[in-house]
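upload_14.txt follows (compact mmCIF, C-alpha atoms):
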# COMPACT_ATOMS: atom_id res chain seq x y z
CA MET A 1 -293.75 -141.08 -76.27
CA LYS A 2 -291.95 -144.16 -75.12
CA GLY A 3 -288.73 -143.03 -76.79
CA LEU A 4 -288.94 -139.69 -75.10
CA SER A 5 -289.34 -141.09 -71.59
CA MET A 6 -286.46 -143.48 -72.26
CA LYS A 7 -284.28 -140.51 -73.22
CA PHE A 8 -285.36 -138.65 -70.11
CA LEU A 9 -284.54 -141.67 -67.95
CA LYS A 10 -281.12 -141.99 -69.55
CA ALA A 11 -280.43 -138.31 -68.98
CA CYS A 12 -281.40 -138.70 -65.32
CA VAL A 13 -279.09 -141.66 -64.90
CA ALA A 14 -276.24 -139.79 -66.57
CA LEU A 15 -276.86 -136.78 -64.34
CA LEU A 16 -276.91 -138.94 -61.21
CA ALA A 17 -273.73 -140.67 -62.30
CA THR A 18 -271.83 -137.41 -62.75
CA VAL A 19 -273.13 -136.00 -59.46
CA SER A 20 -272.16 -139.10 -57.51
CA LEU A 21 -268.79 -139.16 -59.30
CA SER A 22 -267.95 -135.62 -58.27
CA VAL A 23 -269.02 -136.28 -54.70
CA SER A 24 -267.01 -139.48 -54.43
CA ALA A 25 -263.90 -137.79 -55.90
CA ASN A 26 -263.73 -135.70 -52.75
CA ASP A 27 -263.76 -138.67 -50.43
CA LEU A 28 -261.24 -140.70 -52.42
CA ALA A 29 -257.92 -141.64 -50.86
CA PRO A 30 -254.99 -139.80 -52.54
CA ASP A 31 -253.74 -142.79 -54.52
CA ALA A 32 -257.25 -143.68 -55.69
CA LEU A 33 -257.81 -140.07 -56.71
CA ILE A 34 -254.66 -139.96 -58.86
CA LYS A 35 -255.57 -143.29 -60.39
CA GLN A 36 -259.08 -142.18 -61.22
CA VAL A 37 -257.93 -138.91 -62.77
CA SER A 38 -255.13 -140.46 -64.82
CA ASP A 39 -257.36 -143.34 -65.97
CA GLU A 40 -260.00 -140.87 -67.11
CA VAL A 41 -257.54 -138.63 -68.93
CA LEU A 42 -255.70 -141.50 -70.64
CA GLN A 43 -258.99 -143.10 -71.65
CA ILE A 44 -259.93 -139.90 -73.43
CA VAL A 45 -256.48 -139.52 -75.02
CA ARG A 46 -256.54 -143.09 -76.33
CA ASN A 47 -259.89 -142.65 -78.04
CA ASP A 48 -259.51 -139.13 -79.32
CA LYS A 49 -258.03 -138.74 -82.78
CA ALA A 50 -257.82 -134.94 -82.42
CA ILE A 51 -255.64 -135.22 -79.32
CA GLN A 52 -253.36 -137.78 -80.93
CA ALA A 53 -252.92 -135.41 -83.83
CA GLY A 54 -251.78 -132.75 -81.38
CA ASP A 55 -254.90 -130.55 -81.21
CA MET A 56 -253.81 -128.34 -78.30
CA LYS A 57 -257.22 -126.75 -77.82
CA ARG A 58 -258.89 -130.11 -77.35
CA ILE A 59 -256.13 -131.32 -75.00
CA SER A 60 -256.39 -128.17 -72.92
CA GLU A 61 -260.13 -128.72 -72.54
CA VAL A 62 -259.53 -132.21 -71.19
CA VAL A 63 -256.82 -131.01 -68.81
CA ASP A 64 -259.04 -128.13 -67.69
CA SER A 65 -262.04 -130.28 -66.89
CA LYS A 66 -260.30 -133.37 -65.52
CA MET A 67 -257.04 -132.27 -63.93
CA LEU A 68 -257.53 -128.72 -62.70
CA PRO A 69 -260.21 -129.42 -60.10
CA ASN A 70 -257.65 -131.65 -58.38
CA VAL A 71 -254.69 -129.28 -58.34
CA ASN A 72 -253.78 -126.61 -55.78
CA PHE A 73 -252.27 -124.00 -58.06
CA GLN A 74 -251.71 -121.40 -55.38
CA ARG A 75 -249.38 -123.74 -53.49
CA MET A 76 -247.76 -124.99 -56.68
CA THR A 77 -246.84 -121.44 -57.68
CA SER A 78 -245.59 -120.52 -54.21
CA LEU A 79 -243.26 -123.53 -54.33
CA ALA A 80 -241.99 -122.58 -57.78
CA VAL A 81 -241.33 -118.98 -56.79
CA GLY A 82 -239.66 -119.90 -53.51
CA ARG A 83 -238.95 -117.37 -50.78
CA ASP A 84 -239.87 -114.33 -52.91
CA TRP A 85 -243.50 -115.49 -52.85
CA ARG A 86 -244.05 -113.91 -49.45
CA THR A 87 -242.88 -110.50 -50.59
CA ALA A 88 -245.36 -110.52 -53.49
CA THR A 89 -248.62 -108.56 -53.15
CA PRO A 90 -251.90 -110.54 -53.36
CA GLN A 91 -252.42 -109.15 -56.87
CA GLN A 92 -248.91 -110.27 -57.93
CA GLN A 93 -249.55 -113.69 -56.41
CA ALA A 94 -252.79 -114.02 -58.34
CA ASP A 95 -251.09 -112.95 -61.59
CA LEU A 96 -248.20 -115.33 -61.05
CA SER A 97 -250.56 -118.24 -60.35
CA ALA A 98 -252.61 -117.52 -63.45
CA GLU A 99 -249.61 -117.28 -65.80
CA PHE A 100 -247.86 -120.29 -64.27
CA LYS A 101 -251.06 -122.30 -64.64
CA THR A 102 -251.23 -121.52 -68.36
CA LEU A 103 -247.58 -122.47 -68.78
CA LEU A 104 -248.01 -125.79 -66.97
CA ILE A 105 -251.21 -126.74 -68.77
CA ARG A 106 -249.51 -126.22 -72.11
CA SER A 107 -246.50 -128.34 -71.08
CA TYR A 108 -248.71 -131.09 -69.72
CA ALA A 109 -250.88 -131.03 -72.81
CA GLY A 110 -247.77 -131.31 -74.99
CA ALA A 111 -246.65 -134.34 -73.01
CA LEU A 112 -250.09 -135.94 -73.31
CA SER A 113 -250.15 -135.63 -77.08
CA ASN A 114 -246.99 -137.77 -77.12
CA TYR A 115 -248.66 -140.50 -75.11
CA ARG A 116 -248.66 -143.74 -77.10
CA ASP A 117 -247.85 -147.20 -75.79
CA GLN A 118 -247.02 -146.34 -72.20
CA GLN A 119 -248.51 -148.07 -69.22
CA ILE A 120 -248.88 -146.47 -65.79
CA VAL A 121 -248.12 -148.62 -62.78
CA PHE A 122 -248.99 -147.53 -59.22
CA LYS A 123 -246.44 -148.35 -56.54
CA PRO A 124 -247.74 -149.72 -53.23
CA PHE A 125 -249.18 -146.85 -51.18
CA LYS A 126 -249.58 -146.62 -47.43
CA MET A 127 -250.61 -143.71 -45.25
CA LYS A 128 -251.67 -143.10 -41.68
CA PRO A 129 -255.19 -141.74 -41.22
CA GLU A 130 -253.90 -138.49 -39.66
CA GLU A 131 -251.52 -137.68 -42.53
CA THR A 132 -252.35 -134.58 -44.59
CA ASP A 133 -249.40 -134.48 -47.00
CA VAL A 134 -248.46 -137.64 -48.88
CA LEU A 135 -246.47 -138.87 -51.86
CA VAL A 136 -248.14 -141.12 -54.44
CA ARG A 137 -245.52 -142.96 -56.50
CA THR A 138 -246.21 -144.17 -60.02
CA GLU A 139 -244.11 -145.43 -62.87
CA VAL A 140 -244.59 -145.06 -66.59
CA ARG A 141 -243.48 -148.19 -68.39
CA GLN A 142 -242.68 -148.29 -72.04
CA PRO A 143 -241.48 -151.41 -73.81
CA GLY A 144 -237.72 -151.28 -74.39
CA ALA A 145 -237.13 -148.14 -72.34
CA GLN A 146 -236.33 -147.68 -68.69
CA PRO A 147 -239.39 -146.96 -66.59
CA VAL A 148 -239.83 -143.29 -65.67
CA ALA A 149 -240.90 -142.48 -62.12
CA ILE A 150 -243.72 -139.95 -61.75
CA ASP A 151 -244.42 -138.97 -58.15
CA TYR A 152 -247.30 -136.80 -56.99
CA ASN A 153 -247.25 -134.71 -53.83
CA VAL A 154 -250.81 -134.53 -52.59
CA MET A 155 -252.21 -132.46 -49.71
CA LYS A 156 -255.46 -132.64 -47.83
CA MET A 157 -257.76 -129.64 -48.14
CA PRO A 158 -261.29 -129.05 -46.87
CA GLU A 159 -262.70 -129.95 -50.28
CA GLY A 160 -260.56 -133.07 -50.71
CA TRP A 161 -257.03 -134.11 -51.73
CA LYS A 162 -255.18 -131.87 -54.16
CA ILE A 163 -251.97 -132.29 -56.11
CA TYR A 164 -249.39 -129.57 -55.45
CA ASP A 165 -246.21 -130.99 -57.01
CA VAL A 166 -245.26 -133.56 -59.63
CA ALA A 167 -241.78 -135.05 -59.98
CA VAL A 168 -240.73 -136.69 -63.22
CA ALA A 169 -237.68 -138.99 -63.09
CA GLY A 170 -236.97 -137.63 -59.63
CA VAL A 171 -237.07 -133.96 -60.60
CA SER A 172 -239.87 -131.75 -59.34
CA LEU A 173 -241.44 -129.95 -62.27
CA VAL A 174 -242.38 -127.17 -59.90
CA THR A 175 -239.15 -126.53 -58.02
CA ASN A 176 -237.16 -126.92 -61.24
CA TYR A 177 -238.45 -123.42 -62.01
CA ARG A 178 -237.18 -122.00 -58.73
CA ASP A 179 -233.64 -121.15 -59.87
CA GLU A 180 -234.84 -119.66 -63.12
CA PHE A 181 -237.64 -117.65 -61.47
CA GLY A 182 -235.21 -116.51 -58.77
CA ARG A 183 -232.76 -115.17 -61.38
CA GLU A 184 -235.58 -113.36 -63.15
CA ILE A 185 -236.84 -111.79 -59.92
CA ARG A 186 -233.35 -110.63 -58.93
CA ALA A 187 -232.89 -109.04 -62.35
CA ASN A 188 -236.33 -107.51 -62.98
CA GLY A 189 -238.41 -107.96 -59.83
CA ILE A 190 -241.64 -109.90 -59.43
CA ASP A 191 -243.39 -107.81 -62.06
CA GLY A 192 -240.54 -108.70 -64.42
CA LEU A 193 -241.21 -112.40 -63.86
CA ILE A 194 -244.94 -111.92 -64.43
CA LYS A 195 -244.17 -110.12 -67.68
CA THR A 196 -241.75 -112.83 -68.84
CA LEU A 197 -244.33 -115.54 -68.16
CA ARG A 198 -247.04 -113.54 -69.89
CA ASP A 199 -244.86 -112.98 -72.98
CA LYS A 200 -243.97 -116.67 -73.12
CA ASN A 201 -247.63 -117.68 -72.89
CA ARG A 202 -248.64 -115.14 -75.49
CA SER A 203 -246.01 -116.11 -78.01
CA ALA A 204 -246.98 -119.78 -77.59
CA GLU A 205 -250.60 -118.81 -78.07
CA GLN A 206 -249.71 -117.05 -81.31
CA ALA A 207 -247.52 -119.90 -82.52
CA LYS A 208 -250.57 -122.16 -82.24
CA LYS A 209 -252.64 -120.02 -84.60
CA MET Z 1 -223.44 -126.17 -99.30
CA MET Z 2 -225.78 -127.63 -96.71
CA LEU Z 3 -222.88 -127.82 -94.32
CA ARG Z 4 -222.00 -124.18 -94.83
CA ARG Z 5 -225.58 -123.14 -94.18
CA CYS Z 6 -225.65 -125.18 -90.97
CA LEU Z 7 -222.41 -123.58 -89.87
CA SER Z 8 -223.64 -120.05 -90.48
CA VAL Z 9 -226.81 -120.81 -88.51
CA LEU Z 10 -224.57 -122.08 -85.73
CA VAL Z 11 -222.40 -119.00 -85.69
CA LEU Z 12 -225.53 -116.88 -85.56
CA LEU Z 13 -226.98 -118.89 -82.67
CA VAL Z 14 -223.76 -118.71 -80.67
CA GLY Z 15 -223.62 -114.96 -81.26
CA LEU Z 16 -227.24 -114.41 -80.19
CA ASN Z 17 -226.70 -116.41 -77.04
CA GLY Z 18 -223.73 -114.26 -76.16
CA VAL Z 19 -225.88 -111.14 -76.45
CA ALA Z 20 -228.66 -112.65 -74.32
CA MET Z 21 -226.15 -113.52 -71.62
CA ALA Z 22 -224.60 -110.08 -71.49
CA GLN Z 23 -228.07 -108.61 -70.99
CA GLU Z 24 -228.93 -110.94 -68.18
CA GLY Z 25 -225.66 -110.25 -66.43
CA LEU Z 26 -226.49 -112.80 -63.74
CA ARG Z 27 -224.39 -115.82 -63.04
CA ASP Z 28 -225.29 -119.15 -61.62
CA PRO Z 29 -222.53 -120.26 -59.21
CA ARG Z 30 -222.81 -123.84 -60.49
CA ASP Z 31 -222.23 -122.70 -64.08
CA PRO Z 32 -219.18 -120.40 -64.25
CA TRP Z 33 -218.59 -121.28 -67.94
CA GLU Z 34 -222.14 -120.43 -68.96
CA LYS Z 35 -221.19 -118.39 -71.99
CA PHE Z 36 -219.10 -121.19 -73.46
CA ASN Z 37 -221.68 -123.80 -72.47
CA ARG Z 38 -224.45 -121.90 -74.22
CA GLY Z 39 -222.38 -121.94 -77.39
CA VAL Z 40 -221.95 -125.70 -77.18
CA TYR Z 41 -225.64 -126.06 -76.35
CA ALA Z 42 -226.58 -124.23 -79.55
CA PHE Z 43 -224.33 -126.63 -81.47
CA ASN Z 44 -225.81 -129.69 -79.75
CA ASP Z 45 -229.33 -128.44 -80.32
CA ALA Z 46 -228.61 -127.95 -84.04
CA ALA Z 47 -226.93 -131.37 -84.31
CA ASP Z 48 -230.01 -132.92 -82.73
CA THR Z 49 -232.51 -131.01 -84.85
CA TYR Z 50 -230.75 -131.64 -88.18
CA VAL Z 51 -229.19 -135.07 -87.67
CA LEU Z 52 -230.05 -137.18 -84.66
CA LYS Z 53 -233.75 -136.42 -84.37
CA PRO Z 54 -234.54 -137.04 -88.08
CA VAL Z 55 -232.57 -140.32 -87.94
CA ALA Z 56 -234.48 -141.42 -84.82
CA GLU Z 57 -237.79 -140.46 -86.46
CA THR Z 58 -236.94 -142.50 -89.54
CA TYR Z 59 -235.96 -145.41 -87.32
CA VAL Z 60 -239.35 -145.25 -85.55
CA ALA Z 61 -241.18 -144.92 -88.88
CA VAL Z 62 -239.59 -147.99 -90.48
CA THR Z 63 -239.27 -150.26 -87.43
CA PRO Z 64 -242.30 -151.71 -85.65
CA LEU Z 65 -242.36 -151.31 -81.88
CA PRO Z 66 -241.63 -154.97 -81.00
CA ALA Z 67 -238.44 -154.85 -83.08
CA ARG Z 68 -237.37 -151.59 -81.44
CA THR Z 69 -237.95 -153.20 -78.07
CA TRP Z 70 -235.78 -156.20 -79.03
CA VAL Z 71 -233.01 -153.87 -80.16
CA ALA Z 72 -233.17 -151.79 -76.97
CA ASN Z 73 -233.18 -154.91 -74.77
CA PHE Z 74 -230.34 -156.55 -76.71
CA LEU Z 75 -228.14 -153.46 -76.37
CA GLY Z 76 -229.23 -152.92 -72.77
CA ASN Z 77 -228.08 -156.42 -71.88
CA PHE Z 78 -224.50 -155.40 -72.73
CA GLY Z 79 -224.94 -152.25 -70.70
CA ASP Z 80 -225.97 -154.27 -67.65
CA THR Z 81 -222.40 -155.62 -67.33
CA TRP Z 82 -221.02 -152.11 -66.79
CA ILE Z 83 -223.92 -151.27 -64.46
CA ALA Z 84 -223.16 -154.40 -62.41
CA PHE Z 85 -219.49 -153.46 -62.19
CA ASN Z 86 -220.31 -149.93 -61.03
CA ASN Z 87 -222.67 -151.25 -58.37
CA LEU Z 88 -219.81 -153.45 -57.21
CA LEU Z 89 -217.45 -150.46 -57.08
CA GLN Z 90 -220.04 -148.56 -55.02
CA GLY Z 91 -220.30 -151.45 -52.56
CA LYS Z 92 -223.92 -152.20 -53.50
CA PHE Z 93 -223.41 -155.95 -53.64
CA GLY Z 94 -227.11 -156.81 -53.63
CA ASP Z 95 -227.75 -154.60 -56.65
CA ALA Z 96 -224.63 -155.97 -58.41
CA ALA Z 97 -225.82 -159.54 -57.82
CA SER Z 98 -229.23 -158.63 -59.19
CA ASP Z 99 -227.58 -157.11 -62.30
CA VAL Z 100 -225.55 -160.29 -62.86
CA GLY Z 101 -228.77 -162.25 -62.45
CA ARG Z 102 -230.38 -160.06 -65.10
CA ILE Z 103 -227.55 -160.73 -67.56
CA LEU Z 104 -227.72 -164.50 -66.96
CA VAL Z 105 -231.50 -164.69 -67.28
CA ASN Z 106 -231.81 -162.32 -70.25
CA SER Z 107 -228.89 -163.85 -72.18
CA THR Z 108 -230.41 -167.32 -71.94
CA VAL Z 109 -234.17 -167.37 -71.36
CA GLY Z 110 -234.40 -163.90 -72.90
CA ILE Z 111 -232.80 -165.18 -76.14
CA LEU Z 112 -229.49 -163.25 -76.31
CA GLY Z 113 -231.00 -160.36 -74.39
CA THR Z 114 -233.77 -159.50 -76.84
CA PHE Z 115 -236.45 -160.13 -74.19
CA ASP Z 116 -236.16 -158.48 -70.81
CA VAL Z 117 -237.47 -161.50 -68.89
CA ALA Z 118 -235.54 -160.45 -65.78
CA SER Z 119 -237.61 -157.28 -65.30
CA GLU Z 120 -240.77 -159.35 -65.40
CA MET Z 121 -239.25 -161.61 -62.75
CA GLY Z 122 -238.72 -158.56 -60.54
CA LEU Z 123 -235.00 -158.02 -61.22
CA GLU Z 124 -235.21 -154.30 -61.82
CA LYS Z 125 -232.87 -152.59 -64.28
CA HIS Z 126 -230.58 -150.11 -62.53
CA ASP Z 127 -229.15 -146.84 -63.76
CA GLU Z 128 -225.44 -146.57 -62.91
CA ASP Z 129 -222.35 -145.13 -64.56
CA PHE Z 130 -218.83 -144.25 -63.55
CA GLY Z 131 -219.78 -140.64 -62.68
CA GLN Z 132 -222.16 -141.94 -60.02
CA THR Z 133 -219.43 -144.26 -58.71
CA LEU Z 134 -217.04 -141.31 -58.36
CA ALA Z 135 -219.79 -139.36 -56.55
CA VAL Z 136 -220.31 -142.21 -54.10
CA TRP Z 137 -216.53 -142.25 -53.55
CA GLY Z 138 -216.77 -138.59 -52.52
CA VAL Z 139 -215.76 -136.74 -55.69
CA GLY Z 140 -217.75 -133.50 -55.98
CA GLY Z 141 -219.61 -132.62 -59.16
CA GLY Z 142 -217.66 -129.47 -59.99
CA PRO Z 143 -218.86 -126.88 -62.52
CA PHE Z 144 -221.48 -127.64 -65.12
CA VAL Z 145 -220.23 -128.41 -68.64
CA GLU Z 146 -222.12 -128.88 -71.87
CA VAL Z 147 -220.15 -131.61 -73.65
CA PRO Z 148 -220.26 -131.46 -77.47
CA LEU Z 149 -222.60 -134.18 -78.80
CA PHE Z 150 -223.09 -135.72 -75.35
CA GLY Z 151 -224.99 -132.88 -73.69
CA PRO Z 152 -225.18 -131.72 -70.09
CA ARG Z 153 -222.66 -133.04 -67.55
CA THR Z 154 -220.91 -131.92 -64.43
CA LEU Z 155 -217.12 -131.74 -64.76
CA ARG Z 156 -216.85 -134.99 -62.80
CA ASP Z 157 -219.40 -136.78 -64.97
CA GLY Z 158 -217.84 -135.38 -68.13
CA ALA Z 159 -214.48 -136.89 -67.12
CA ALA Z 160 -216.19 -140.14 -66.11
CA LEU Z 161 -217.75 -140.26 -69.56
CA PHE Z 162 -214.31 -141.11 -70.97
CA VAL Z 163 -214.12 -144.09 -68.64
CA ASP Z 164 -217.68 -145.13 -69.53
CA LYS Z 165 -216.79 -145.00 -73.23
CA TYR Z 166 -213.34 -146.56 -72.81
CA VAL Z 167 -214.66 -149.60 -70.97
CA ASP Z 168 -217.61 -149.78 -73.33
CA PRO Z 169 -219.11 -153.28 -72.97
CA PHE Z 170 -219.44 -153.43 -76.77
CA ARG Z 171 -215.63 -153.85 -76.83
CA ILE Z 172 -216.26 -157.50 -76.11
CA ILE Z 173 -217.02 -157.73 -79.82
CA ASP Z 174 -213.90 -158.16 -82.00
CA ARG Z 175 -215.25 -156.89 -85.31
CA VAL Z 176 -214.86 -153.13 -85.31
CA ALA Z 177 -217.67 -152.62 -87.84
CA VAL Z 178 -220.15 -154.59 -85.76
CA ARG Z 179 -219.09 -152.80 -82.60
CA ASN Z 180 -219.47 -149.37 -84.16
CA THR Z 181 -222.85 -150.28 -85.60
CA MET Z 182 -224.02 -151.29 -82.15
CA ALA Z 183 -222.72 -148.08 -80.58
CA GLY Z 184 -224.57 -146.11 -83.28
CA MET Z 185 -227.73 -148.15 -82.78
CA GLN Z 186 -227.55 -147.43 -79.07
CA ILE Z 187 -227.57 -143.68 -79.69
CA VAL Z 188 -230.46 -143.87 -82.17
CA SER Z 189 -232.43 -146.26 -79.99
CA ASP Z 190 -232.01 -144.09 -76.88
CA ARG Z 191 -233.05 -141.00 -78.82
CA SER Z 192 -236.09 -142.73 -80.32
CA PHE Z 193 -237.62 -143.18 -76.88
CA LEU Z 194 -237.20 -139.47 -76.18
CA LEU Z 195 -238.97 -138.21 -79.30
CA GLY Z 196 -241.46 -135.64 -78.13
CA ALA Z 197 -239.36 -134.61 -75.14
CA GLU Z 198 -238.14 -131.55 -77.04
CA THR Z 199 -241.71 -130.28 -77.52
CA VAL Z 200 -242.24 -130.53 -73.79
CA LEU Z 201 -239.03 -128.58 -73.23
CA ASP Z 202 -240.17 -125.95 -75.76
CA ASN Z 203 -243.47 -125.55 -73.94
CA ALA Z 204 -242.22 -125.64 -70.38
CA ALA Z 205 -238.99 -123.65 -70.38
CA LEU Z 206 -238.59 -119.89 -70.33
CA ASP Z 207 -234.93 -120.48 -71.16
CA LYS Z 208 -234.36 -123.96 -72.58
CA TYR Z 209 -230.66 -124.04 -71.72
CA ALA Z 210 -231.21 -123.13 -68.06
CA TYR Z 211 -234.25 -125.38 -67.66
CA ARG Z 212 -232.40 -128.38 -69.05
CA ARG Z 213 -229.28 -127.64 -66.97
CA ASP Z 214 -231.29 -127.35 -63.75
CA PHE Z 215 -233.20 -130.50 -64.59
CA TYR Z 216 -229.98 -132.40 -65.31
CA LEU Z 217 -228.31 -131.34 -62.06
CA LYS Z 218 -231.34 -132.37 -59.97
CA ARG Z 219 -231.68 -135.64 -61.87
CA ARG Z 220 -228.03 -136.52 -61.18
CA THR Z 221 -228.48 -135.94 -57.45
CA TYR Z 222 -231.53 -138.19 -57.57
CA LEU Z 223 -229.58 -140.95 -59.35
CA ILE Z 224 -226.53 -140.69 -57.10
CA TYR Z 225 -228.78 -141.17 -54.07
CA ASP Z 226 -230.61 -144.00 -55.88
CA GLY Z 227 -233.93 -142.22 -55.79
CA ASN Z 228 -233.80 -140.98 -52.20
CA PRO Z 229 -232.00 -137.63 -52.30
CA PRO Z 230 -232.05 -135.44 -49.20
CA ARG Z 231 -234.93 -132.94 -49.48
CA ASP Z 232 -233.95 -129.35 -50.11
CA ASP Z 233 -237.11 -127.61 -49.08
CA GLU Z 234 -236.53 -123.95 -49.24
CA GLU Z 235 -239.01 -121.79 -47.38
CA GLU Z 236 -242.00 -120.78 -49.34
Encoded form using structure tokens:
Amino acid sequence: MKGLSMKFLKACVALLATVSLSVSANDLAPDALIKQVSDEVLQIVRNDKAIQAGDMKRISEVVDSKMLPNVNFQRMTSLAVGRDWRTATPQQQADLSAEFKTLLIRSYAGALSNYRDQQIVFKPFKMKPEETDVLVRTEVRQPGAQPVAIDYNVMKMPEGWKIYDVAVAGVSLVTNYRDEFGREIRANGIDGLIKTLRDKNRSAEQAKK
Amino acid sequence: MMLRRCLSVLVLLVGLNGVAMAQEGLRDPRDPWEKFNRGVYAFNDAADTYVLKPVAETYVAVTPLPARTWVANFLGNFGDTWIAFNNLLQGKFGDAASDVGRILVNSTVGILGTFDVASEMGLEKHDEDFGQTLAVWGVGGGPFVEVPLFGPRTLRDGAALFVDKYVDPFRIIDRVAVRNTMAGMQIVSDRSFLLGAETVLDNAALDKYAYRRDFYLKRRTYLIYDGNPPRDDEEE
């Protein structure tokens, strides 16, 4: 009886903790948000043998649950597509976002599985209270190698701050697609780009199996 | 035998790339020699896959991390002399002074450069080369070129590469064998810190050649402006 009530109590505490965590994530300042998310993800990666062995399914789960709630994919995709975004129908926009999301998750997951001895350092961050679009600068340090800058563009939304662009070593991972996407759209239209992305995602999916 | 097989794979790759290009039929104004560049890219990719990457992997497997860090720092200490000189040529006297400070501190307190004490003291390592100096002097990048074994460059940076290699700080060392060993170690050491980058490229790129080229060109602009390039925000 005693054991059971203890278990119940523990479950309540755990539930409370997760609820309060998800509430507080919304109120966090942009730099604190990035720090919390990256700490959480790296903590998991460090302790998970499956991830270190390159288990993509497991990595994707972590990215899905920890990263995605804090990313504005609609805006990310519109930035990657560039000016053609506006000419796309809502259905095309939704398809593009979905395929681009899959592509990015896989890339990010691949990068995470390579994570070993790196250390993430946050650069000093300052913002005015009225700002709604800020840059959070971090640096990945690795013994013996030059530090690599990783900068997050974060925007304020009703439900809290969301990441909409990430630059690695000074190059935006989102706008780096713009030239390539633009060429594809000029050659085969927006539907052509959607198809190319879909094929790429599918072949990667099959390669995994 | 092995060599012949590698060569036939190469010829095949170059041929396939030619076909892919003809189908696309679209040219990037920054890359007028795309067809040729794609051929060289296929060669570089094969050289990396069959030679450089396996060597770097072996290096990582047999050398513990602290030793790899010593090696990288030791070689990097030589490199700092050329970085300092380029900062001087670009009129960035503060940065040049900081680089000289790094060399002095790391060569002494850092035991012949094996420990990067200067970074811990706040003397940041800079990234400079002669291509960036030319850019600061007003020389435009010119068309994109894929240089055999060296990878993506602009025409300007490809030409500057000769200067970078000619004034190689390792030349300070008289013994040719030692000097060449160090140059080789530099390549392997640099590559060892990038292991895993090719998987990311595989995952992220629709077209690896184009993705890497675009990334390189943006990265160069970032370096030339020392991390504060003018924003090119196209309309969404």
Just need the residues of chain Z within 8 Å of chain A, counting only C-alpha atoms, so spit them out as a PyMOL selection string. chain Z and resi 24+26+68-73+125+190+193+196-197+199-201+203-204+206+210-211+214-215+218-219+222+227+234-236
Report the distance between CA of Asp133 in chain A and CA of Pro158 in chain A in Å, rounded to one decimal place. 13.1 Å
Give me, please, the distance in Å between CA of Pro230 in chain Z and CA of Glu124 in chain Z, quoted to one decimal. 22.9 Å
Emit as AutoDock Vina command-line options the padded axis-aligned box for all listed atoms of range 128-144 of chain Z, 5 Å per side, with centre and edge lengths in Å to one decimal.
--center_x -220.6 --center_y -136.7 --center_z -58.8 --size_x 19.7 --size_y 29.7 --size_z 22.6
In Å, with one decimal, what is the gap from CA of Gln119 in chain A to CA of Val140 in chain A? 5.6 Å
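Distances here use all atoms listed in the file; by that measure, the residue among Z:Glu146, Z:Asp168, Z:Glu128, Z:Asp80 closest to Arg213 in chain Z is Z:Glu146.
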Give me the residues within 10 Å of Gly101 in chain Z as number ranges by chain, counting all atoms listed in the file and dropping any in the same chain fewer than 5 places off. Z: 80, 84, 95-96, 106-107, 118, 123
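With only C-alpha atoms taken into account, the protein and nucleic acid residues at most 8 Å from Arg30 in chain Z (excluding it and anything under 4 positions from it in its own chain) are Z:Gly142, Z:Pro143, Z:Phe144.
Residue neighbourhood of range 58-71 of chain A, excluding near-sequence residues (fewer than 3 positions): Ile51, Asp55, Ala109, Lys162 and Ile163 of chain A, at 6 Å, using all atoms listed in the file.
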Hey, what's within 12 Å of Val136 in chain A if we count all atoms listed in the file and toss same-chain stuff fewer than 3 positions away? As a CSV table (one decimal) with C-alpha atoms, in the coordinates of the input, please?
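Just written: result-v2.csv:
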chain,number,residue,atom,x,y,z
A,29,ALA,CA,-257.9,-141.6,-50.9
A,30,PRO,CA,-255.0,-139.8,-52.5
A,31,ASP,CA,-253.7,-142.8,-54.5
A,32,ALA,CA,-257.2,-143.7,-55.7
A,33,LEU,CA,-257.8,-140.1,-56.7
A,34,ILE,CA,-254.7,-140.0,-58.9
A,35,LYS,CA,-255.6,-143.3,-60.4
A,121,VAL,CA,-248.1,-148.6,-62.8
A,122,PHE,CA,-249.0,-147.5,-59.2
A,123,LYS,CA,-246.4,-148.4,-56.5
A,124,PRO,CA,-247.7,-149.7,-53.2
A,125,PHE,CA,-249.2,-146.8,-51.2
A,126,LYS,CA,-249.6,-146.6,-47.4
A,127,MET,CA,-250.6,-143.7,-45.2
A,133,ASP,CA,-249.4,-134.5,-47.0
A,139,GLU,CA,-244.1,-145.4,-62.9
A,149,ALA,CA,-240.9,-142.5,-62.1
A,150,ILE,CA,-243.7,-140.0,-61.8
A,151,ASP,CA,-244.4,-139.0,-58.2
A,152,TYR,CA,-247.3,-136.8,-57.0
A,153,ASN,CA,-247.2,-134.7,-53.8
A,154,VAL,CA,-250.8,-134.5,-52.6
A,155,MET,CA,-252.2,-132.5,-49.7
A,161,TRP,CA,-257.0,-134.1,-51.7
A,162,LYS,CA,-255.2,-131.9,-54.2
A,163,ILE,CA,-252.0,-132.3,-56.1
A,164,TYR,CA,-249.4,-129.6,-55.4
A,165,ASP,CA,-246.2,-131.0,-57.0
A,166,VAL,CA,-245.3,-133.6,-59.6
A,167,ALA,CA,-241.8,-135.0,-60.0
